[in-house]
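Colleague: One structure coming up, written as structure tokens, with questions to follow.
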Amino acid sequence: MNTANRITLARIALIPLFMLFFTKWPAWLADSSAVFEFLNRYGLYLAIAIFLLASGTDKLDGYVARKYNQITSLGKLLDPLADKLLISVALIMMVEVDLIASWAAVIMIGREFVITGLRMIASAQGITLAADRMGKWKMVLQVVAIATVLLGSTPIPWLASVHADDIFMLLAVGMTLISGLNYLIQNFKVLKLNDM
């Protein structure tokens with residue numbers, strides 16, 4: 001296994017750690033264990049750091065794969081899967097604790113299901129649909145929005161006062177819709193739908 005794929009697998013391995021640190025543990029558990037007390041007190045800060053680290057590895061594995069000619073079929077499968085898992089898990093956990101509206105998460109996760117379905121249809125026909133620039137901007141905005149919402153739930157008063165979390169989340173949802181529609185319009189015509 002090459003270095004680029006190891007970096008991608010490390011991103012996937014960070015997801016359970018993000019979940020562990022993000023979770024708010026029951027008071028009775030925190031009272032009886034110093035570990036869970038620590039997690040309740042500092043877990044959110046660690047979860048934010050892990051999310052940002054995992055998000056950063058997305059650019060790193062792509063850079064390594066291109067620079068050292070390590071682009072593989074496994075990497076092409078794992079890289080987008082790691083992105084989708086990281087974003088989806090963060091969104092679902094944020095909905096669970098009422099940090100974001102469920103409709104925003106449904107739009108962002110739903111877009112990934114639709115695009116993945118389109119790619120599966122194309123793959124069955126021997127067609128490869130590549131990611132586009134708008135999809136990359138969508139990913140960047142989603143990472144910024146999630147990080148801002150997470151930071152906004154910590155004691156950082158200026159973030160709350162300017163509602164940066166709401167602004168970036170709305171931008172991320174908007175870019176998710178626009179990039180999804182653009183991807184469908186650009187690629188739907190290449191599929192051989194007469195055989196379906």
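Residue numbering restarts at 1 in every chain; chains get A, B, ... in the order shown in the structure tokens, and ligands count up from 1 in that same order.
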Set the distance at 12 Å and use only C-alpha atoms: which residues neighbour region 87-96 of chain A once local chain neighbours fewer than 5 positions away are removed? I'd like the list as a PyMOL selection string.
Modeller: chain A and resi 11-12+14-24+44+47-48+50-52+54-55+58+80-82+101-113+138-150+153+169+172-173
Colleague: Can you list every residue in region 76-181 of chain A that DSSP puts in helix (DSSP H, G or I), as a PyMOL selection string?
Modeller: chain A and resi 76-96+102-124+133-152+157-162+164-181
Colleague: To one decimal in Å, tell me the separation between CA of Gly135 (chain A) and CA of Ser179 (chain A).
Modeller: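 The value is 5.7 Å.
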Colleague: Smallest atom-to-atom distance to Arg66 (chain A): which of A:Arg41, A:Leu46, A:Thr3, A:Leu85, using only C-alpha atoms?
Modeller: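 Going through A:Arg41, A:Leu46, A:Thr3, A:Leu85 one by one, the smallest distance to Arg66 (chain A) is for A:Thr3.
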Colleague: To one decimal in Å, tell me the separation between CA of Lys67 (chain A) and CA of Ala4 (chain A).
Modeller: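 Result for CA of Lys67 (chain A) versus CA of Ala4 (chain A): 10.0 Å, one decimal.
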Colleague: Within 9 Å of Leu118 (chain A), counting only C-alpha atoms, which residues show up once you throw out same-chain ones fewer than 5 positions away? Write them as an MDAnalysis selection string, please.
Modeller: chainID A and resid 113 123 129 184 187:188 191
Colleague: Can you tell me how far CA of Thr116 (chain A) sits from CA of Gly56 (chain A), in Å to one decimal?
Modeller: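 Taking CA of Thr116 (chain A) as the start and CA of Gly56 (chain A) as the end point, the length is 22.6 Å.
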Colleague: Do a neighbour search on Ala65 (chain A) at 9 Å with only C-alpha atoms, toss out local chain neighbours closer than 3 positions, and write the hits as a PyMOL selection string.
Modeller: chain A and resi 2-5+60-62+68-72+75
Colleague: Go through A:Ile185, A:Val190, A:Val97, A:Ala34 and flag the residue nearest Ile121 (chain A), using only C-alpha atoms for the distances.
Modeller: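 Closest to Ile121 (chain A), using only C-alpha atoms: A:Val190.
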